[in-house]
$ cat input00.cif   # mmCIF, C-alpha atoms
data_model
loop_
_atom_site.label_atom_id
_atom_site.label_comp_id
_atom_site.auth_asym_id
_atom_site.auth_seq_id
_atom_site.Cartn_x
_atom_site.Cartn_y
_atom_site.Cartn_z
CA MET A 10 34.10 -0.96 3.53
CA ALA A 11 34.67 2.83 3.61
CA SER A 12 32.71 4.38 6.50
CA VAL A 13 32.04 8.11 6.91
CA ILE A 14 30.03 9.76 9.70
CA GLY A 15 28.53 13.16 8.95
CA PHE A 16 27.67 15.66 11.69
CA ASP A 17 25.35 18.65 11.29
CA ILE A 18 25.64 20.53 14.58
CA GLY A 19 22.81 23.02 15.02
CA GLY A 20 21.55 25.35 17.69
CA ALA A 21 18.77 22.94 18.69
CA HIS A 22 19.83 19.52 17.44
CA LEU A 23 22.86 17.50 16.46
CA LYS A 24 22.14 15.35 13.41
CA ALA A 25 24.48 12.50 12.56
CA ALA A 26 24.53 10.00 9.71
CA ARG A 27 26.73 7.05 8.84
CA ALA A 28 27.49 6.27 5.20
CA ILE A 29 29.06 2.99 4.16
CA ASP A 30 30.38 2.83 0.61
CA GLY A 31 28.31 5.90 -0.31
CA ARG A 32 25.02 4.75 1.23
CA ILE A 33 23.37 6.08 4.38
CA VAL A 34 22.76 3.23 6.81
CA GLU A 35 22.14 4.99 10.13
CA VAL A 36 20.82 8.40 11.23
CA LEU A 37 20.61 10.03 14.67
CA LEU A 38 18.95 13.23 15.87
CA LEU A 39 19.90 14.42 19.36
CA PRO A 40 19.03 17.61 21.27
CA CYS A 41 22.11 19.73 21.99
CA ASN A 42 20.93 23.31 22.86
CA PRO A 43 24.30 25.05 23.41
CA HIS A 44 22.42 28.19 24.53
CA TYR A 45 21.67 26.27 27.72
CA GLY A 46 25.36 25.57 28.25
CA LEU A 47 28.20 24.19 26.15
CA ALA A 48 28.15 21.01 28.22
CA ARG A 49 24.90 20.00 26.48
CA LEU A 50 26.55 20.27 23.08
CA GLU A 51 29.57 18.30 24.23
CA ALA A 52 27.33 15.60 25.72
CA ALA A 53 25.43 15.29 22.45
CA ILE A 54 28.68 14.86 20.51
CA GLU A 55 29.83 12.20 22.97
CA GLU A 56 26.53 10.35 22.70
CA ALA A 57 26.59 10.43 18.89
CA VAL A 58 30.16 9.10 18.79
CA ALA A 59 29.30 6.37 21.31
CA ARG A 60 26.16 5.27 19.46
CA LEU A 61 27.55 5.39 15.93
CA GLY A 62 30.96 3.99 16.80
CA ALA A 63 34.17 4.21 14.79
CA ALA A 64 34.52 5.43 11.21
CA ASP A 65 37.29 6.02 8.70
CA ARG A 66 36.36 9.69 8.46
CA PHE A 67 34.16 12.27 10.17
CA ALA A 68 32.72 15.13 8.11
CA VAL A 69 31.31 18.09 10.05
CA THR A 70 29.08 21.01 9.19
CA MET A 71 27.43 23.39 11.64
CA THR A 72 25.05 26.25 12.39
CA ALA A 73 25.40 26.23 16.20
CA GLU A 74 28.06 28.95 16.01
CA LEU A 75 25.15 31.43 15.81
CA SER A 76 24.07 30.47 19.32
CA ASP A 77 24.37 33.18 21.96
CA ALA A 78 26.55 30.70 23.84
CA PHE A 79 29.40 32.22 21.81
CA GLU A 80 30.57 35.82 21.74
CA THR A 81 31.20 35.72 17.98
CA ARG A 82 30.47 33.29 15.16
CA ALA A 83 34.19 32.70 14.63
CA ALA A 84 34.59 31.81 18.31
CA GLY A 85 31.65 29.43 17.98
CA VAL A 86 33.15 27.68 14.95
CA ALA A 87 36.45 27.22 16.79
CA ALA A 88 34.77 25.95 19.97
CA ILE A 89 32.51 23.49 18.13
CA ALA A 90 35.36 22.18 15.97
CA SER A 91 37.51 21.68 19.06
CA ALA A 92 34.69 19.86 20.85
CA VAL A 93 34.40 17.43 17.94
CA ALA A 94 38.16 16.97 17.52
CA ARG A 95 38.59 16.10 21.21
CA ARG A 96 35.98 13.37 21.00
CA VAL A 97 36.82 11.81 17.64
CA LYS A 98 39.96 9.76 17.82
CA GLY A 99 41.71 7.59 15.27
CA ALA A 100 39.75 8.96 12.30
CA GLU A 101 40.31 11.74 9.81
CA THR A 102 38.10 14.72 10.74
CA LEU A 103 37.13 17.26 8.09
CA PHE A 104 35.06 20.45 8.31
CA TYR A 105 32.83 21.60 5.47
CA ALA A 106 33.62 25.10 4.17
CA GLY A 107 31.06 25.47 1.40
CA GLU A 108 32.68 26.24 -1.94
CA GLY A 109 36.04 25.65 -0.24
CA GLY A 110 35.21 21.98 0.27
CA PHE A 111 36.42 20.01 3.27
CA LEU A 112 39.24 21.29 5.47
CA PRO A 113 41.28 19.65 8.26
CA PHE A 114 41.01 20.87 11.84
CA ALA A 115 44.30 22.78 11.55
CA GLU A 116 42.69 25.12 8.98
CA VAL A 117 39.43 25.77 10.82
CA ARG A 118 40.33 29.08 12.49
CA GLY A 119 41.45 30.63 9.23
CA ALA A 120 38.30 29.54 7.43
CA ALA A 121 35.70 30.23 10.14
CA GLN A 122 33.56 32.49 7.95
CA ALA A 123 33.32 29.84 5.23
CA ILE A 124 32.57 27.04 7.71
CA ALA A 125 29.90 28.99 9.60
CA SER A 126 26.37 27.93 8.65
CA ALA A 127 27.45 26.21 5.42
CA ASN A 128 25.26 23.14 5.95
CA TRP A 129 22.66 24.33 3.41
CA ARG A 130 25.22 24.20 0.63
CA ALA A 131 26.16 20.58 1.34
CA SER A 132 22.55 19.50 0.84
CA ALA A 133 22.19 21.72 -2.24
CA GLU A 134 25.37 20.28 -3.78
CA LEU A 135 23.98 16.80 -3.30
CA VAL A 136 20.69 17.78 -4.97
CA ALA A 137 22.56 19.45 -7.86
CA ARG A 138 24.33 16.16 -8.57
CA ARG A 139 20.93 14.48 -8.97
CA LEU A 140 18.81 17.20 -10.61
CA PRO A 141 20.16 19.88 -12.99
CA GLU A 142 17.20 22.24 -12.39
CA ALA A 143 15.44 22.65 -9.04
CA LEU A 144 14.51 24.92 -6.20
CA PHE A 145 15.77 23.25 -3.05
CA ILE A 146 13.87 24.17 0.12
CA ASP A 147 14.97 22.80 3.48
CA MET A 148 12.54 23.69 6.26
CA GLY A 149 14.15 22.84 9.57
CA SER A 150 12.94 23.50 13.08
CA THR A 151 14.33 27.07 13.11
CA THR A 152 15.04 28.30 9.58
CA THR A 153 14.13 27.70 5.96
CA ASP A 154 16.75 27.57 3.20
CA LEU A 155 15.83 28.34 -0.42
CA VAL A 156 18.54 27.41 -2.89
CA PRO A 157 18.12 27.72 -6.66
CA ILE A 158 19.87 25.08 -8.75
CA SER A 159 20.45 25.75 -12.44
CA GLY A 160 22.54 23.85 -14.96
CA GLY A 161 23.50 21.34 -12.31
CA ARG A 162 25.12 24.06 -10.21
CA VAL A 163 24.15 25.75 -6.95
CA GLY A 164 22.91 29.20 -7.96
CA ALA A 165 22.92 30.92 -4.56
CA LEU A 166 24.27 34.48 -4.57
CA GLY A 167 25.03 34.45 -0.85
CA GLY A 168 27.42 32.35 1.16
CA GLY A 169 27.01 33.67 4.69
CA ASP A 170 23.73 34.22 6.49
CA ALA A 171 23.72 38.01 6.05
CA GLU A 172 23.96 37.76 2.25
CA ARG A 173 21.49 34.90 2.06
CA LEU A 174 18.92 36.79 4.14
CA ALA A 175 19.22 39.79 1.83
CA ASN A 176 18.97 37.65 -1.32
CA GLY A 177 15.87 35.69 -0.33
CA GLU A 178 17.84 32.47 0.18
CA LEU A 179 17.32 32.20 3.93
CA VAL A 180 14.21 32.89 5.99
CA TYR A 181 14.43 32.88 9.76
CA THR A 182 11.27 30.92 10.26
CA GLY A 183 11.00 27.20 10.83
CA PHE A 184 8.66 24.34 11.49
CA SER A 185 8.60 24.41 15.29
CA ARG A 186 10.89 27.06 16.78
CA GLY A 187 10.64 30.80 16.52
CA ASP A 188 8.07 33.57 16.79
CA PRO A 189 4.54 32.84 15.49
CA LEU A 190 4.03 36.60 15.03
CA ALA A 191 6.98 37.21 12.75
CA GLY A 192 5.65 39.42 9.96
CA VAL A 193 2.16 39.61 11.49
CA THR A 194 0.85 43.09 12.32
CA LEU A 195 -2.86 42.21 12.64
CA ALA A 196 -4.59 38.87 13.14
CA PRO A 197 -8.28 38.05 12.67
CA PHE A 198 -10.06 37.01 15.83
CA ALA A 199 -13.79 36.81 16.58
CA GLY A 200 -14.63 38.85 13.49
CA ARG A 201 -12.22 41.68 14.21
CA TRP A 202 -8.62 42.52 13.26
CA THR A 203 -6.58 42.25 16.45
CA PRO A 204 -3.12 43.72 17.10
CA PRO A 205 -1.20 40.79 18.64
CA ALA A 206 0.64 40.87 21.95
CA ARG A 207 4.31 40.79 20.99
CA GLU A 208 5.73 38.70 23.81
CA ASN A 209 7.39 35.31 23.96
CA PHE A 210 4.17 33.59 24.94
CA ALA A 211 4.25 30.82 22.32
CA THR A 212 6.31 29.23 19.55
CA MET A 213 5.58 27.84 16.10
CA ALA A 214 5.40 24.40 17.73
CA ASP A 215 2.17 25.55 19.43
CA VAL A 216 0.79 26.64 16.06
CA ARG A 217 1.70 23.28 14.54
CA ARG A 218 0.09 21.30 17.35
CA VAL A 219 -3.19 23.18 16.95
CA THR A 220 -3.17 22.84 13.14
CA GLY A 221 -2.36 19.13 13.49
CA ASP A 222 0.98 19.32 11.68
CA LEU A 223 3.01 18.42 14.77
CA VAL A 224 1.90 15.27 16.54
CA ALA A 225 5.21 13.93 17.91
CA GLU A 226 7.02 15.31 20.93
CA ASP A 227 9.78 17.80 20.15
CA ALA A 228 12.87 18.36 22.28
CA GLU A 229 12.40 22.09 22.84
CA PRO A 230 10.84 23.39 26.07
CA THR A 231 7.61 25.33 25.79
CA ALA A 232 7.52 29.10 26.28
CA ASP A 233 5.84 28.81 29.69
CA GLY A 234 7.42 25.54 30.82
CA ARG A 235 4.08 23.76 30.77
CA GLY A 236 3.05 20.74 28.70
CA LYS A 237 2.66 20.09 24.99
CA SER A 238 -0.97 19.09 24.61
CA VAL A 239 -3.21 20.85 22.11
CA ALA A 240 -5.12 22.48 24.98
CA GLU A 241 -1.90 23.82 26.51
CA SER A 242 -0.78 25.09 23.12
CA ILE A 243 -4.11 26.89 22.67
CA ALA A 244 -3.64 28.51 26.10
CA ARG A 245 -0.28 29.90 24.98
CA LEU A 246 -1.60 31.10 21.62
CA ALA A 247 -4.52 32.78 23.40
CA ARG A 248 -2.09 35.07 25.18
CA LEU A 249 -0.92 36.35 21.79
CA ALA A 250 -4.46 37.65 21.33
CA GLY A 251 -4.59 39.03 24.87
CA ARG A 252 -7.09 36.40 25.90
CA ASP A 253 -7.63 33.15 27.80
CA ALA A 254 -8.41 29.94 25.96
CA ALA A 255 -11.94 29.80 27.46
CA GLU A 256 -12.89 33.04 25.69
CA ALA A 257 -13.27 31.29 22.31
CA SER A 258 -14.15 27.91 20.88
CA PRO A 259 -11.60 25.32 19.75
CA ALA A 260 -12.66 26.06 16.15
CA GLN A 261 -11.87 29.76 16.62
CA TRP A 262 -8.43 28.95 18.03
CA ARG A 263 -7.83 26.57 15.13
CA ALA A 264 -8.70 29.42 12.75
CA PHE A 265 -6.26 31.68 14.61
CA ALA A 266 -3.49 29.08 14.36
CA ASP A 267 -4.28 28.49 10.67
CA PHE A 268 -3.85 32.20 10.00
CA LEU A 269 -0.46 32.27 11.74
CA ALA A 270 0.64 29.18 9.80
CA ARG A 271 -0.42 30.74 6.49
CA ALA A 272 1.35 33.99 7.37
CA GLN A 273 4.55 32.02 7.87
CA MET A 274 4.20 30.31 4.51
CA ARG A 275 3.51 33.64 2.82
CA SER A 276 6.85 34.88 4.11
CA ILE A 277 8.50 31.96 2.30
CA GLU A 278 6.41 32.53 -0.84
CA ASP A 279 7.68 36.13 -0.90
CA GLN A 280 11.25 34.89 -1.07
CA ILE A 281 10.37 32.51 -3.90
CA ALA A 282 8.97 35.53 -5.74
CA LEU A 283 12.25 37.36 -5.15
CA LEU A 284 14.21 34.41 -6.57
CA ARG A 285 11.91 34.28 -9.60
CA SER A 286 12.40 37.99 -10.16
CA ARG A 287 16.08 37.38 -10.88
CA ALA A 288 15.35 34.24 -12.95
CA ALA A 289 17.37 32.19 -10.44
CA MET A 290 15.85 28.87 -11.54
CA ALA A 291 13.92 27.56 -14.54
CA GLU A 292 10.19 28.23 -14.47
CA GLY A 293 9.49 24.51 -14.75
CA ALA A 294 12.01 23.48 -12.10
CA PRO A 295 10.60 21.21 -9.38
CA ILE A 296 10.78 22.03 -5.70
CA VAL A 297 12.86 19.59 -3.68
CA GLY A 298 11.85 19.46 -0.03
CA ALA A 299 14.00 18.52 2.95
CA GLY A 300 13.91 18.90 6.72
CA VAL A 301 11.30 18.20 9.35
CA GLY A 302 8.92 20.68 7.69
CA ARG A 303 9.10 19.23 4.19
CA ALA A 304 5.43 18.17 4.25
CA LEU A 305 4.69 21.91 4.28
CA VAL A 306 7.19 22.38 1.44
CA ALA A 307 5.17 19.85 -0.58
CA ARG A 308 2.05 21.98 -0.04
CA LEU A 309 4.04 25.04 -1.07
CA ALA A 310 5.07 23.34 -4.31
CA LEU A 311 1.41 22.65 -5.07
CA ALA A 312 0.53 26.31 -4.42
CA GLU A 313 3.40 27.40 -6.69
CA GLY A 314 2.27 25.05 -9.47
CA ARG A 315 5.55 23.11 -9.41
CA ALA A 316 6.28 19.42 -9.22
CA TYR A 317 7.51 18.21 -5.84
CA ARG A 318 10.42 15.88 -5.14
CA ASP A 319 11.29 14.66 -1.67
CA ILE A 320 15.00 14.63 -0.93
CA ALA A 321 14.50 11.12 0.46
CA ASP A 322 14.30 10.02 -3.18
CA LEU A 323 17.68 11.63 -3.90
CA ILE A 324 19.64 10.28 -0.93
CA ASP A 325 20.94 6.76 -1.35
CA SER A 326 19.96 5.10 1.94
CA VAL A 327 18.67 1.84 3.30
CA PRO A 328 14.84 1.98 3.33
CA GLU A 329 14.46 1.98 7.11
CA VAL A 330 16.32 5.29 7.52
CA ALA A 331 14.99 7.14 4.45
CA THR A 332 12.63 9.39 6.42
CA ALA A 333 15.25 10.23 9.04
CA ALA A 334 17.78 10.91 6.28
CA ALA A 335 15.43 13.47 4.71
CA ASP A 336 14.88 15.09 8.13
CA CYS A 337 18.66 15.34 8.59
CA ALA A 338 19.73 16.07 5.02
CA PRO A 339 22.89 18.14 5.72
CA ALA A 340 24.40 15.42 7.93
CA CYS A 341 23.73 12.86 5.20
CA ALA A 342 25.05 15.25 2.54
CA VAL A 343 28.43 15.82 4.19
CA ALA A 344 28.76 12.09 4.84
CA LEU A 345 28.10 11.32 1.18
CA LEU A 346 30.17 14.19 -0.23
CA ALA A 347 33.11 13.19 1.96
CA SER A 348 32.78 9.60 0.78
CA GLY A 349 34.26 10.68 -2.56
#
$ encode --input "input00.cif" --output "structure tokens"
Amino acid sequence: MASVIGFDIGGAHLKAARAIDGRIVEVLLLPCNPHYGLARLEAAIEEAVARLGAADRFAVTMTAELSDAFETRAAGVAAIASAVARRVKGAETLFYAGEGGFLPFAEVRGAAQAIASANWRASAELVARRLPEALFIDMGSTTTDLVPISGGRVGALGGGDAERLANGELVYTGFSRGDPLAGVTLAPFAGRWTPPARENFATMADVRRVTGDLVAEDAEPTADGRGKSVAESIARLARLAGRDAAEASPAQWRAFADFLARAQMRSIEDQIALLRSRAAMAEGAPIVGAGVGRALVARLALAEGRAYRDIADLIDSVPEVATAAADCAPACAVALLASG
């Protein structure tokens, strides 16, 4: 049986998936956090290799090169590729370069710009093989990808992050990491419009806990190093309003968190409007959701008046890993694409 292991190495998590004969049978998600030291990334790679075992081929995509652990993105690509190559022995190891396909380790340095943050395209290519018309939205912990698919082809104008940000194909907002105040100039509180305190007091994970969208523990530390209960999340969000949690009721803090959550979704809706303005996808195209935030993508599809498809339905996997496969779509995509 042909066995391929796909790695998607990000700035917060390493996702790994094993495909056997073109079917995903195992998925892992491990914290890696290279911004806390490259040793954490290397340890995550070692753990993934140890837990998944041998394979005929490893297929790797990445976004961790954007971490401030590396002086440049090219240096990050080279360091990450080397870390994988040192720990994968006896198997062919290939690195995904977007439109350039898969490349051997010897060609990584010369193709660093194409390899950097190309994981979105792997997932989009997989979707395009299943659906000729779609808007693919992958909401991860840190970012949200929006990829139009038309005529069975990926219709993105951008390849790198800079172009994709400018073209509405990448939004630096995610399900649990990042700034809850991104794009917010005023927030309603206690019947008044309040200028928020722009400090790193809280993260989107705090918003999600208060709205009830995040109920499981996440791997990221909190902004203040304290716990992850709803009450502790409210205390952090209160600082954004220049207040203590005791100064308002739980219902008022829920309303505050709901506003921040809606503001985030509006920032994604704006990019959908930009894509529509260039007729990037058919008006009747469904939205395909992936990533840990895809439940929110499903709500977005409803608001946009489009049908919703979960990428779990488009990834051939054993039933017990279908949810994990949808959470870790790029790792599954490179595993399946590299399976031939």
$ resolve_selection --input "input00.cif" --expression "the PyMOL selection byres ((chain A and resi 12) around 7)" --output "PyMOL selection string"
chain A and resi 10-11+13-14+27-30+64-66
$ closest_residue --input "input00.cif" --among "A:Leu305, A:Ala225, A:Leu103, A:Ala87" --to "Phe184 (chain A)" --atoms "only C-alpha atoms"
A:Leu305
$ residues_around --input "input00.cif" --residues "Ala175 (chain A)" --least-positions-apart "4" --cutoff "12 Å" --atoms "all atoms listed in the file" --output "ChimeraX atom specification"
/A:165-171,179-181,280,283-284
$ resolve_selection --input "input00.cif" --expression "the PyMOL selection byres ((chain A and resi 53) around 7)" --output "PyMOL selection string"
chain A and resi 23+39-41+49-52+54-57
$ closest_residue --input "input00.cif" --among "A:Arg275, A:Arg285, A:Arg235, A:Arg315" --to "Gly298 (chain A)" --atoms "only C-alpha atoms"
A:Arg315
$ closest_residue --input "input00.cif" --among "A:Leu155, A:Ala83, A:Ala115, A:Ile33" --to "Leu323 (chain A)" --atoms "all atoms listed in the file"
A:Ile33
$ residues_near_point --input "input00.cif" --point "(10.7, 31.2, 31.0)" --cutoff "12 Å" --atoms "only C-alpha atoms" --output "list in words"
Glu208, Asn209, Phe210, Ala211, Pro230, Thr231, Ala232, Asp233, Gly234 and Arg235 of chain A
$ closest_residue --input "input00.cif" --among "A:Ala26, A:Val330, A:Glu278, A:Glu241" --to "Leu311 (chain A)" --atoms "only C-alpha atoms"
A:Glu278
$ closest_residue --input "input00.cif" --among "A:Ser76, A:Thr220, A:Thr70, A:Ser132" --to "Val297 (chain A)" --atoms "all atoms listed in the file"
A:Ser132
$ atom_distance --input "input00.cif" --atom1 "CA of Ala289 (chain A)" --atom2 "CA of Val163 (chain A)"
10.0 Å
